[in-house]
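Reading through the structure tokens given below for one structure.
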Amino acid sequence: MSKLKSLSGIQLLSLSLLIVLTTMSGCGDGRIPLGKVNGVVNVDGKPLGKGQIVFVTDSRRAFGSIEDGKIVEVTTYKSGDGVAIGKHQVSIRPKVDESAMMSLPTGKSPFSLDESVPEKYHKASTSGLTAEISRGDNTLEFNLSSE
């Protein structure tokens with residue numbers, strides 16, 4: 001009978017340890033899984049010089065830069081870590097010079113200062129752009145039209 005009691009104690013200890021390890025495994029910091037993103041953005045067939053790209057989903061937003069038509073440094077938590085896995089609406093905006101924003105008239109969008117990206121792409125809700133992000137590397141291509 002004492003062997004049965006000690007075996008139950010060992011089983012209880014093993015079960016407790018298993019529960020603790022299971023809860024601690026994976027993304028213990030509460031962060032959602034991400035996929036790396038790169039790719040290109042063209043406007044009327046030409047690479048967008050400089051801009052900003054935003055990936056919008058229910059769980060989290062990610063922000064990136066566009067340099068010489070290439071999508072770079074897409075960030076959710078820390079620089080370049082990527083985008084949450086899943087389907088996203090996407091917005092693409094021109095990169096705005098901060099000094100120009102200081103002289104911007106009240107009520108005017110800072111993105112209106114640069115017409116390199118048509119206005120409909122400035123908001124995810126009006127852009128019509130989407131991206132499906134999966135684990136690992138994701139290469140995207142966005143071809144915008146000024147028409």
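Residue names in the structure tokens use chain letters A, B, ... in the order shown, residue numbers from 1 in each chain, and ligand numbers from 1 in the order shown.
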
So which residues touch region 70-81 of chain A within 10 Å, counting only C-alpha atoms, skipping near sequence neighbours fewer than 4 positions away, as a ChimeraX atom specification? /A:31-32,34-42,47-55,60-66,139-142

Let me see the file: selected residues, C-alpha atoms, as a PDB file, in the first residue's frame.
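Resulting contents of selection-v4.pdb:
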ATOM      1  CA  ARG A  31       3.214  37.825 -28.122  1.00  0.00           C
ATOM      2  CA  ILE A  32       1.475  36.527 -31.206  1.00  0.00           C
ATOM      3  CA  LEU A  34       4.989  36.636 -36.622  1.00  0.00           C
ATOM      4  CA  GLY A  35       6.168  36.151 -40.187  1.00  0.00           C
ATOM      5  CA  LYS A  36       9.004  38.111 -41.793  1.00  0.00           C
ATOM      6  CA  VAL A  37       8.008  40.432 -44.643  1.00  0.00           C
ATOM      7  CA  ASN A  38       9.868  41.865 -47.611  1.00  0.00           C
ATOM      8  CA  GLY A  39       8.858  42.796 -51.117  1.00  0.00           C
ATOM      9  CA  VAL A  40       8.232  45.704 -53.451  1.00  0.00           C
ATOM     10  CA  VAL A  41       5.816  48.602 -53.943  1.00  0.00           C
ATOM     11  CA  ASN A  42       5.306  50.112 -57.375  1.00  0.00           C
ATOM     12  CA  PRO A  47       9.241  51.738 -57.606  1.00  0.00           C
ATOM     13  CA  LEU A  48       7.913  54.024 -54.854  1.00  0.00           C
ATOM     14  CA  GLY A  49      10.888  56.087 -53.651  1.00  0.00           C
ATOM     15  CA  LYS A  50      10.018  56.410 -49.966  1.00  0.00           C
ATOM     16  CA  GLY A  51       6.931  55.504 -48.039  1.00  0.00           C
ATOM     17  CA  GLN A  52       5.308  53.794 -45.099  1.00  0.00           C
ATOM     18  CA  ILE A  53       3.355  50.540 -45.085  1.00  0.00           C
ATOM     19  CA  VAL A  54       0.902  49.474 -42.384  1.00  0.00           C
ATOM     20  CA  PHE A  55      -0.534  45.981 -41.907  1.00  0.00           C
ATOM     21  CA  ARG A  60      -2.088  43.826 -33.912  1.00  0.00           C
ATOM     22  CA  ARG A  61      -0.730  46.432 -36.357  1.00  0.00           C
ATOM     23  CA  ALA A  62       2.686  46.311 -37.971  1.00  0.00           C
ATOM     24  CA  PHE A  63       4.539  49.247 -39.498  1.00  0.00           C
ATOM     25  CA  GLY A  64       7.272  49.257 -42.102  1.00  0.00           C
ATOM     26  CA  SER A  65       9.253  51.527 -44.378  1.00  0.00           C
ATOM     27  CA  ILE A  66       9.552  51.589 -48.125  1.00  0.00           C
ATOM     28  CA  THR A 139       7.593  38.211 -50.192  1.00  0.00           C
ATOM     29  CA  LEU A 140       4.885  40.680 -51.200  1.00  0.00           C
ATOM     30  CA  GLU A 141       4.299  42.819 -54.263  1.00  0.00           C
ATOM     31  CA  PHE A 142       1.944  45.789 -54.355  1.00  0.00           C
TER      32      PHE A 142
END

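Closest approach to Ser59 (chain A) among A:Leu144, A:Val90, A:Ala84, A:Ile133: A:Ala84, based on only C-alpha atoms.
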
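Here CA of Val56 (chain A) is placed at a distance of 12.3 Å from CA of Thr126 (chain A).
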
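Of the listed residues A:Gly30, A:Val43, A:Asp68, A:Lys87, the one whose atoms come nearest to Ala131 (chain A) is A:Lys87, with distances taken using only C-alpha atoms.
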
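Between CA of Glu67 (chain A) and CA of Ser91 (chain A) lies a distance of 15.6 Å.
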
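Nearest-residue note for Gly86 (chain A): choosing from A:Gly128, A:Pro33, A:Ser116, A:Asp137, the minimum distance belongs to A:Pro33, counting only C-alpha atoms.
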
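Distance check against Val117 (chain A) using only C-alpha atoms: of A:Asp44, A:Arg93, A:Asn143, A:Gly82, the minimum falls on A:Arg93.
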
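Of the listed residues (A:Ser146, A:Ile92, A:Asn138, A:Asp29), A:Ile92 comes nearest to Lys123 (chain A); the distances count only C-alpha atoms.
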